[in-house]
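Colleague: Handing over upload-v4.csv, CSV, C-alpha atoms.
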```csv
chain,number,residue,atom,x,y,z
A,1,MET,CA,16.3,13.3,22.1
A,2,GLY,CA,19.2,15.8,22.4
A,3,ARG,CA,22.5,16.5,24.1
A,4,PRO,CA,23.3,14.9,27.4
A,5,ILE,CA,24.1,17.1,30.4
A,6,VAL,CA,27.6,16.5,31.8
A,7,ALA,CA,28.6,17.7,35.2
A,8,ILE,CA,32.3,18.7,35.4
A,9,THR,CA,33.8,18.9,38.9
A,10,MET,CA,36.4,21.5,39.4
A,11,GLY,CA,38.9,19.3,41.4
A,12,ASP,CA,41.5,20.8,43.7
A,13,ALA,CA,41.2,24.6,43.5
A,14,ALA,CA,45.0,25.0,44.0
A,15,GLY,CA,45.8,22.8,41.0
A,16,ILE,CA,45.3,23.1,37.3
A,17,GLY,CA,41.6,22.0,37.3
A,18,PRO,CA,40.1,25.5,37.1
A,19,GLU,CA,42.4,26.4,34.2
A,20,ILE,CA,41.9,23.4,32.1
A,21,ILE,CA,38.1,23.5,32.5
A,22,VAL,CA,37.9,27.1,31.3
A,23,LYS,CA,40.2,26.2,28.3
A,24,THR,CA,38.2,23.1,27.4
A,25,LEU,CA,34.8,24.7,27.4
A,26,ALA,CA,35.9,27.1,24.7
A,27,ASP,CA,35.8,24.1,22.3
A,28,SER,CA,32.6,24.7,20.2
A,29,GLU,CA,32.6,21.2,18.7
A,30,LEU,CA,32.5,19.6,22.1
A,31,ARG,CA,29.7,21.9,23.3
A,32,SER,CA,27.7,21.1,20.2
A,33,LYS,CA,27.5,17.5,21.4
A,34,ALA,CA,26.6,18.0,25.1
A,35,ARG,CA,25.5,20.5,27.7
A,36,MET,CA,28.3,21.2,30.2
A,37,LEU,CA,27.6,22.2,33.8
A,38,VAL,CA,30.6,23.0,36.0
A,39,ILE,CA,30.4,22.3,39.7
A,40,GLY,CA,32.9,24.4,41.6
A,41,ASP,CA,33.7,27.7,43.2
A,42,LEU,CA,32.7,30.5,40.9
A,43,ARG,CA,35.3,33.0,42.2
A,44,ARG,CA,38.1,30.5,41.6
A,45,LEU,CA,36.9,29.8,38.1
A,46,GLN,CA,36.7,33.5,37.3
A,47,LEU,CA,40.3,33.9,38.5
A,48,ALA,CA,41.3,31.0,36.2
A,49,ALA,CA,39.4,32.6,33.3
A,50,GLY,CA,41.4,35.7,33.8
A,51,ILE,CA,44.7,33.8,33.9
A,52,VAL,CA,44.0,32.0,30.6
A,53,SER,CA,42.4,35.2,29.0
A,54,SER,CA,39.2,33.3,28.3
A,55,PRO,CA,36.6,35.1,26.2
A,56,LEU,CA,33.8,33.1,28.0
A,57,THR,CA,31.4,34.6,30.5
A,58,LEU,CA,30.8,32.6,33.7
A,59,ARG,CA,27.2,32.4,34.9
A,60,LYS,CA,26.1,31.3,38.4
A,61,VAL,CA,23.3,28.8,38.8
A,62,THR,CA,21.9,26.9,41.8
A,63,ALA,CA,20.5,23.9,39.9
A,64,PRO,CA,20.9,22.3,36.5
A,65,SER,CA,17.4,23.5,35.6
A,66,GLU,CA,18.6,27.1,35.8
A,67,ALA,CA,21.4,26.6,33.3
A,68,LEU,CA,21.0,28.1,29.8
A,69,PHE,CA,23.9,26.3,28.1
A,70,GLU,CA,24.4,29.3,25.8
A,71,GLU,CA,27.3,29.8,23.5
A,72,GLY,CA,30.0,32.0,25.0
A,73,THR,CA,28.9,31.2,28.5
A,74,ILE,CA,29.9,28.7,31.2
A,75,ASP,CA,27.2,27.7,33.6
A,76,VAL,CA,28.6,27.2,37.1
A,77,LEU,CA,26.7,25.5,39.9
A,78,ASP,CA,28.5,27.6,42.6
A,79,ILE,CA,29.6,25.9,45.8
A,80,GLU,CA,31.3,28.8,47.5
A,81,CYS,CA,34.0,27.2,49.7
A,82,ILE,CA,37.4,28.3,48.5
A,83,PRO,CA,39.3,31.2,50.3
A,84,GLU,CA,39.8,34.1,48.0
A,85,ASP,CA,43.5,34.2,48.8
A,86,LEU,CA,44.2,30.5,48.2
A,87,ALA,CA,47.6,30.2,46.7
A,88,TRP,CA,48.1,28.2,43.4
A,89,GLY,CA,50.2,25.1,43.7
A,90,GLU,CA,50.1,24.7,47.5
A,91,LEU,CA,48.6,21.9,49.5
A,92,SER,CA,45.4,23.1,51.2
A,93,ALA,CA,42.9,21.3,53.4
A,94,ALA,CA,40.3,23.9,52.2
A,95,ALA,CA,40.9,22.9,48.6
A,96,GLY,CA,40.7,19.3,49.6
A,97,HIS,CA,37.4,19.7,51.3
A,98,GLY,CA,36.1,21.7,48.3
A,99,SER,CA,37.1,18.9,45.9
A,100,TYR,CA,35.0,16.6,48.0
A,101,LEU,CA,32.0,18.9,48.1
A,102,PHE,CA,32.1,19.2,44.3
A,103,ILE,CA,32.1,15.4,43.8
A,104,GLU,CA,29.4,14.9,46.4
A,105,LYS,CA,27.1,17.4,44.6
A,106,ALA,CA,27.8,15.9,41.2
A,107,VAL,CA,27.0,12.4,42.4
A,108,GLN,CA,23.7,13.6,44.0
A,109,LEU,CA,22.7,15.2,40.7
A,110,ALA,CA,23.6,12.1,38.7
A,111,MET,CA,21.8,9.8,41.1
A,112,ASP,CA,18.7,12.1,40.9
A,113,HIS,CA,19.0,12.0,37.0
A,114,GLN,CA,19.4,15.7,36.8
A,115,VAL,CA,22.7,15.2,34.9
A,116,ASP,CA,23.7,12.3,32.6
A,117,ALA,CA,27.4,11.9,33.3
A,118,ILE,CA,30.2,13.1,35.6
A,119,CYS,CA,33.6,14.2,34.4
A,120,THR,CA,36.0,14.9,37.3
A,121,GLY,CA,38.9,17.4,37.4
A,122,PRO,CA,42.1,16.3,39.3
A,123,LEU,CA,42.1,16.2,43.1
A,124,ASN,CA,45.1,16.0,45.4
A,125,LYS,CA,44.9,13.0,47.8
A,126,ALA,CA,47.0,14.6,50.5
A,127,ALA,CA,44.7,17.6,50.5
A,128,LEU,CA,41.6,15.4,50.5
A,129,HIS,CA,43.1,13.5,53.6
A,130,ALA,CA,44.1,16.8,55.3
A,131,ALA,CA,40.4,17.8,55.1
A,132,GLY,CA,39.4,14.5,56.8
A,133,HIS,CA,38.2,12.6,53.7
A,134,LYS,CA,40.3,9.4,54.0
A,135,TYR,CA,39.9,7.9,50.5
A,136,PRO,CA,42.7,6.5,48.3
A,137,GLY,CA,41.3,8.4,45.4
A,138,HIS,CA,38.3,9.3,43.2
A,139,THR,CA,37.3,5.7,42.5
A,140,GLU,CA,36.8,4.7,46.1
A,141,LEU,CA,35.1,8.0,46.9
A,142,LEU,CA,32.6,7.6,44.1
A,143,ALA,CA,31.9,4.0,45.0
A,144,GLU,CA,31.0,5.0,48.6
A,145,LEU,CA,28.8,8.0,47.5
A,146,THR,CA,26.9,5.8,45.1
A,147,GLY,CA,26.6,2.8,47.4
A,148,THR,CA,28.5,0.6,45.0
A,149,GLU,CA,30.2,-2.4,46.5
A,150,GLU,CA,32.8,-2.9,43.8
A,151,VAL,CA,34.0,-1.0,40.8
A,152,SER,CA,36.9,-1.2,38.4
A,153,MET,CA,39.3,1.5,37.1
A,154,MET,CA,39.7,1.6,33.3
A,155,LEU,CA,42.3,3.8,31.6
A,156,THR,CA,42.2,4.6,28.0
A,157,ALA,CA,44.8,6.0,25.7
A,158,PRO,CA,45.2,6.1,21.9
A,159,LYS,CA,45.2,2.5,20.7
A,160,MET,CA,44.7,1.0,24.2
A,161,ARG,CA,42.2,0.4,27.0
A,162,VAL,CA,43.2,-1.2,30.3
A,163,ILE,CA,41.0,-2.3,33.2
A,164,HIS,CA,42.5,-3.2,36.6
A,165,VAL,CA,41.8,-6.1,38.9
A,166,THR,CA,43.3,-4.2,41.8
A,167,THR,CA,44.4,-0.6,42.1
A,168,HIS,CA,45.4,1.5,45.1
A,169,ILE,CA,46.9,-1.2,47.3
A,170,GLY,CA,50.5,-2.4,47.7
A,171,LEU,CA,51.8,-5.0,45.4
A,172,ILE,CA,52.0,-7.8,48.0
A,173,ASP,CA,48.4,-7.0,49.1
A,174,ALA,CA,47.3,-6.9,45.5
A,175,ILE,CA,48.7,-10.4,44.8
A,176,ALA,CA,47.0,-11.7,47.9
A,177,LYS,CA,43.6,-10.1,46.9
A,178,ILE,CA,43.5,-11.5,43.3
A,179,ASN,CA,41.3,-14.5,42.8
A,180,GLY,CA,39.3,-16.1,40.1
A,181,ASP,CA,36.0,-14.5,41.0
A,182,LEU,CA,37.5,-11.0,41.1
A,183,VAL,CA,39.3,-11.6,37.8
A,184,TYR,CA,36.0,-12.8,36.3
A,185,ARG,CA,34.0,-9.8,37.6
A,186,THR,CA,36.6,-7.4,36.2
A,187,ILE,CA,36.5,-9.1,32.8
A,188,LYS,CA,32.7,-8.9,32.9
A,189,ARG,CA,32.6,-5.2,33.8
A,190,GLY,CA,35.0,-4.4,30.9
A,191,TYR,CA,33.0,-6.5,28.5
A,192,GLU,CA,29.7,-4.9,29.4
A,193,LEU,CA,31.1,-1.4,29.0
A,194,LEU,CA,32.6,-2.1,25.6
A,195,ARG,CA,29.4,-3.8,24.4
A,196,ALA,CA,27.5,-0.7,25.6
A,197,SER,CA,29.9,1.5,23.6
A,198,GLY,CA,29.3,-0.4,20.4
A,199,ILE,CA,31.9,-3.2,20.3
A,200,ASP,CA,29.8,-6.3,19.7
A,201,ASN,CA,32.4,-9.0,20.5
A,202,PRO,CA,35.4,-7.4,22.2
A,203,ARG,CA,38.6,-9.3,22.4
A,204,ILE,CA,39.9,-9.2,26.0
A,205,ALA,CA,43.4,-10.1,27.0
A,206,VAL,CA,44.3,-10.9,30.6
A,207,CYS,CA,47.7,-10.2,32.0
A,208,ALA,CA,49.7,-12.8,34.1
A,209,ILE,CA,51.3,-11.8,37.4
A,210,ASN,CA,54.7,-13.4,36.9
A,211,PRO,CA,57.3,-12.9,34.2
A,212,HIS,CA,56.5,-15.1,31.1
A,213,ALA,CA,53.2,-16.0,32.8
A,214,GLY,CA,55.1,-18.2,35.2
A,215,GLU,CA,57.1,-20.1,32.6
A,216,ASN,CA,55.4,-23.4,33.6
A,217,GLY,CA,56.2,-23.0,37.2
A,218,LEU,CA,59.7,-21.6,36.8
A,219,PHE,CA,58.6,-18.1,38.2
A,220,GLY,CA,56.2,-17.6,41.1
A,221,TYR,CA,54.1,-20.0,43.0
A,222,GLY,CA,51.4,-21.0,40.5
A,223,GLU,CA,49.5,-17.8,40.7
A,224,GLU,CA,48.4,-17.9,37.1
A,225,ALA,CA,46.7,-21.3,37.4
A,226,GLU,CA,45.3,-20.6,40.9
A,227,LYS,CA,44.3,-17.0,40.8
A,228,ILE,CA,43.7,-16.0,37.2
A,229,GLN,CA,42.9,-18.9,34.9
A,230,PRO,CA,39.6,-19.8,36.7
A,231,GLY,CA,38.2,-16.3,36.1
A,232,ILE,CA,39.1,-16.4,32.4
A,233,GLU,CA,37.5,-19.8,32.0
A,234,LYS,CA,34.3,-18.6,33.7
A,235,ALA,CA,34.2,-15.7,31.3
A,236,GLN,CA,34.8,-17.9,28.3
A,237,ALA,CA,32.0,-20.2,29.5
A,238,GLU,CA,29.6,-17.2,29.1
A,239,GLY,CA,30.8,-16.6,25.6
A,240,ILE,CA,33.2,-13.7,26.4
A,241,ASN,CA,36.2,-13.6,24.0
A,242,ALA,CA,38.8,-13.7,26.7
A,243,PHE,CA,42.5,-14.8,26.4
A,244,GLY,CA,45.2,-15.5,28.8
A,245,PRO,CA,46.8,-15.3,31.2
A,246,LEU,CA,49.4,-13.8,28.9
A,247,PRO,CA,52.9,-12.3,29.7
A,248,ALA,CA,52.3,-8.6,30.3
A,249,ASP,CA,55.4,-7.5,28.3
A,250,THR,CA,54.3,-9.0,25.0
A,251,LEU,CA,50.6,-8.5,25.7
A,252,PHE,CA,50.8,-4.7,25.8
A,253,PHE,CA,52.7,-4.7,22.5
A,254,LEU,CA,50.0,-6.8,20.9
A,255,ALA,CA,47.2,-4.6,22.4
A,256,GLY,CA,49.0,-1.5,21.1
A,257,ARG,CA,49.0,-2.7,17.6
A,258,GLY,CA,45.3,-3.5,17.7
A,259,ASP,CA,45.0,-7.2,18.5
A,260,PHE,CA,42.9,-6.7,21.5
A,261,ASP,CA,40.1,-4.3,22.5
A,262,LEU,CA,40.9,-4.4,26.2
A,263,VAL,CA,43.7,-5.5,28.5
A,264,VAL,CA,43.0,-6.7,32.0
A,265,ALA,CA,45.9,-5.7,34.3
A,266,GLN,CA,46.3,-7.4,37.7
A,267,TYR,CA,47.7,-4.4,39.6
A,268,HIS,CA,48.1,-0.7,39.5
A,269,ASP,CA,51.5,-0.1,37.9
A,270,GLN,CA,51.1,-3.1,35.5
A,271,GLY,CA,48.3,-1.2,33.8
A,272,HIS,CA,49.1,2.4,34.4
A,273,GLY,CA,52.7,2.3,33.1
A,274,PRO,CA,51.9,1.4,29.5
A,275,VAL,CA,49.0,3.7,29.2
A,276,LYS,CA,50.9,6.7,30.5
A,277,VAL,CA,53.9,6.0,28.2
A,278,LEU,CA,51.4,6.3,25.3
A,279,GLY,CA,50.6,9.9,26.5
A,280,LEU,CA,49.2,11.6,29.6
A,281,GLU,CA,47.8,14.3,27.4
A,282,ASN,CA,45.3,11.9,25.9
A,283,GLY,CA,44.7,9.6,28.8
A,284,VAL,CA,41.2,9.1,30.3
A,285,ASN,CA,40.1,7.4,33.5
A,286,ILE,CA,36.7,5.6,33.5
A,287,THR,CA,35.1,4.2,36.6
A,288,VAL,CA,33.4,1.0,35.5
A,289,GLY,CA,30.5,-0.5,37.5
A,290,LEU,CA,29.0,2.7,39.0
A,291,PRO,CA,25.3,3.4,38.5
A,292,VAL,CA,26.4,6.7,36.9
A,293,VAL,CA,28.7,7.5,34.0
A,294,ARG,CA,32.0,8.9,35.2
A,295,THR,CA,35.2,9.8,33.3
A,296,SER,CA,38.2,11.7,34.4
A,297,VAL,CA,41.5,13.1,33.3
A,298,ASP,CA,44.4,10.7,33.7
A,299,HIS,CA,46.7,13.2,35.5
A,300,GLY,CA,47.1,14.9,38.8
A,301,THR,CA,46.8,18.5,40.0
A,302,ALA,CA,50.2,19.6,38.7
A,303,PHE,CA,50.9,22.0,41.5
A,304,ASP,CA,54.2,23.0,39.9
A,305,ILE,CA,52.5,24.6,36.9
A,306,ALA,CA,49.1,25.7,38.4
A,307,GLY,CA,48.1,29.3,37.8
A,308,LYS,CA,50.6,29.8,35.1
A,309,ASN,CA,48.5,29.2,32.0
A,310,ILE,CA,50.7,26.4,30.6
A,311,ALA,CA,48.6,23.4,31.6
A,312,ASP,CA,47.5,21.2,28.7
A,313,HIS,CA,43.8,20.6,28.6
A,314,GLU,CA,43.7,17.7,26.0
A,315,SER,CA,43.1,15.0,28.6
A,316,LEU,CA,40.0,16.8,29.9
A,317,LEU,CA,38.8,17.3,26.4
A,318,GLU,CA,39.1,13.6,25.7
A,319,ALA,CA,37.5,12.7,29.0
A,320,LEU,CA,34.5,14.8,28.2
A,321,ARG,CA,34.3,13.3,24.7
A,322,GLN,CA,34.1,9.8,26.2
A,323,ALA,CA,31.6,10.9,28.9
A,324,VAL,CA,29.4,12.2,26.1
A,325,ASP,CA,29.8,8.9,24.1
A,326,LEU,CA,28.8,6.9,27.2
A,327,ALA,CA,26.0,9.1,28.5
A,328,PRO,CA,22.4,8.7,27.5
A,329,ALA,CA,20.8,11.4,25.5
A,330,ARG,CA,17.9,13.3,27.0
A,331,GLU,CA,15.1,15.6,25.7
A,332,GLU,CA,16.2,19.2,25.5
A,333,ALA,CA,13.9,21.9,26.9
A,334,LEU,CA,12.2,24.0,24.2
```
Written as structure tokens, that's how I'd like the structure from this file.

Modeller:
Amino acid sequence: MGRPIVAITMGDAAGIGPEIIVKTLADSELRSKARMLVIGDLRRLQLAAGIVSSPLTLRKVTAPSEALFEEGTIDVLDIECIPEDLAWGELSAAAGHGSYLFIEKAVQLAMDHQVDAICTGPLNKAALHAAGHKYPGHTELLAELTGTEEVSMMLTAPKMRVIHVTTHIGLIDAIAKINGDLVYRTIKRGYELLRASGIDNPRIAVCAINPHAGENGLFGYGEEAEKIQPGIEKAQAEGINAFGPLPADTLFFLAGRGDFDLVVAQYHDQGHGPVKVLGLENGVNITVGLPVVRTSVDHGTAFDIAGKNIADHESLLEALRQAVDLAPAREEAL
């Protein structure tokens, strides 16, 4: 068995995705561990390669089976859809539609087992919506394309992993949505992913909603006991090493020093804030519960610096490393 094939989607063509992809694929150590196939617009990637003065040659393919994965070359499954005169750093429905097409193709290849993992470049939600694709983000789009009813978002950073019970909804709606079964399913998905990645008995800490975990009824309306505790108890009954609900402020400190392998956050900003403080440049987004492996950068399209050869590619590099670690190996062609 050999190196897995990882499909990298280009993301929004007006953002930093094309640049960071070309920079990242110059990393010989990464490429020694997996075979990388970029799904995007070849002309846009060639333009990005010129901007970053890349020594790599871009090679057009129409299917993974045509890719050679040779040193010094980037294999690109070309979906020609980006206008040649597209400006860097400007909102564009054409770029939004392109980002959708790249993801759609990657999912098709993954579901057909032609690639072993997907790593997504950043998209712009406003551009996606302008193109008529009304999704809150990558997570919901991937869930629909794979026919998955429910998934979870996990963010990783140095010394911390966080999985979310709710994500892209308002705070009042998030609190209304949280219940014991959803908390349990989130814990379970995180547990299964960590087990698959080699952690035999992960320690999972679950955040409370209210300050001080409600302080015995002083804060909130009993949400911890009603909405969170039943999910934790159900997980514990199955032998999962789950703790909580714990006050989020102290929990993240404990997780950061290594007391826990995973934090379960109840809503978007509760989980995103601590991870991003630890470093956007090393953050990775993993969609948990899909029938395919998917990781992503933990940053946006950075329109303000797109096309200027100053974007940091470390998050994409780390996202690809994690995709490789999670992807199954496959036999390489002779």

Colleague: At a cut-off of 7 Å around the point (39.2, -6.7, 20.6) (file coordinates), what residues fall inside when counting all atoms listed in the file? I'd like the answer as a list in words.

Modeller: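 The requested residues, written out, are Pro202, Arg203, Ile204, Asp259, Phe260, Asp261 and Leu262 of chain A.
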
Colleague: Here's a test: counting all atoms listed in the file, identify every protein, DNA and RNA residue with an atom at most 12 Å from (49.0, 27.4, 32.7) in the file's coordinate frame, and state them as a PyMOL selection string.

Modeller: chain A and resi 15-23+48-53+88-89+301-313

Colleague: Restrict the selected residues to C-alpha atoms and save them as an mmCIF file, keeping the file's coordinate frame.

Modeller:
```cif
data_model
loop_
_atom_site.group_PDB
_atom_site.id
_atom_site.type_symbol
_atom_site.label_atom_id
_atom_site.label_comp_id
_atom_site.auth_asym_id
_atom_site.auth_seq_id
_atom_site.Cartn_x
_atom_site.Cartn_y
_atom_site.Cartn_z
ATOM 1 C CA GLY A 15 45.800 22.800 41.000
ATOM 2 C CA ILE A 16 45.300 23.100 37.300
ATOM 3 C CA GLY A 17 41.600 22.000 37.300
ATOM 4 C CA PRO A 18 40.100 25.500 37.100
ATOM 5 C CA GLU A 19 42.400 26.400 34.200
ATOM 6 C CA ILE A 20 41.900 23.400 32.100
ATOM 7 C CA ILE A 21 38.100 23.500 32.500
ATOM 8 C CA VAL A 22 37.900 27.100 31.300
ATOM 9 C CA LYS A 23 40.200 26.200 28.300
ATOM 10 C CA ALA A 48 41.300 31.000 36.200
ATOM 11 C CA ALA A 49 39.400 32.600 33.300
ATOM 12 C CA GLY A 50 41.400 35.700 33.800
ATOM 13 C CA ILE A 51 44.700 33.800 33.900
ATOM 14 C CA VAL A 52 44.000 32.000 30.600
ATOM 15 C CA SER A 53 42.400 35.200 29.000
ATOM 16 C CA TRP A 88 48.100 28.200 43.400
ATOM 17 C CA GLY A 89 50.200 25.100 43.700
ATOM 18 C CA THR A 301 46.800 18.500 40.000
ATOM 19 C CA ALA A 302 50.200 19.600 38.700
ATOM 20 C CA PHE A 303 50.900 22.000 41.500
ATOM 21 C CA ASP A 304 54.200 23.000 39.900
ATOM 22 C CA ILE A 305 52.500 24.600 36.900
ATOM 23 C CA ALA A 306 49.100 25.700 38.400
ATOM 24 C CA GLY A 307 48.100 29.300 37.800
ATOM 25 C CA LYS A 308 50.600 29.800 35.100
ATOM 26 C CA ASN A 309 48.500 29.200 32.000
ATOM 27 C CA ILE A 310 50.700 26.400 30.600
ATOM 28 C CA ALA A 311 48.600 23.400 31.600
ATOM 29 C CA ASP A 312 47.500 21.200 28.700
ATOM 30 C CA HIS A 313 43.800 20.600 28.600
#
```

Colleague: Could you state the separation of atom CA of A:Leu86 and atom CA of A:Thr139 in Å, given to one decimal place?

Modeller: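 For atom CA of A:Leu86 relative to atom CA of A:Thr139, the distance reads 26.4 Å.
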
Colleague: Using atom CA of A:Leu141 and atom CA of A:Gln270 as the two end points, give the distance in Å to one decimal.

Modeller: 22.6 Å

Colleague: Which is closer to A:Val263 than all the others in A:Met160, A:Leu142, A:Val324, A:Val277, using all atoms listed in the file?

Modeller: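 Comparing A:Met160, A:Leu142, A:Val324, A:Val277 against A:Val263, the winner is A:Met160.
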
Colleague: For A:Thr146, list every protein, DNA or RNA residue within 9 Å, evaluated using all atoms listed in the file, and leave out those in the same chain fewer than 4 positions away; present the list as a list in words.

Modeller: Val107, Gln108, Met111, Leu141, Leu142, Leu290, Pro291 and Val292 of chain A
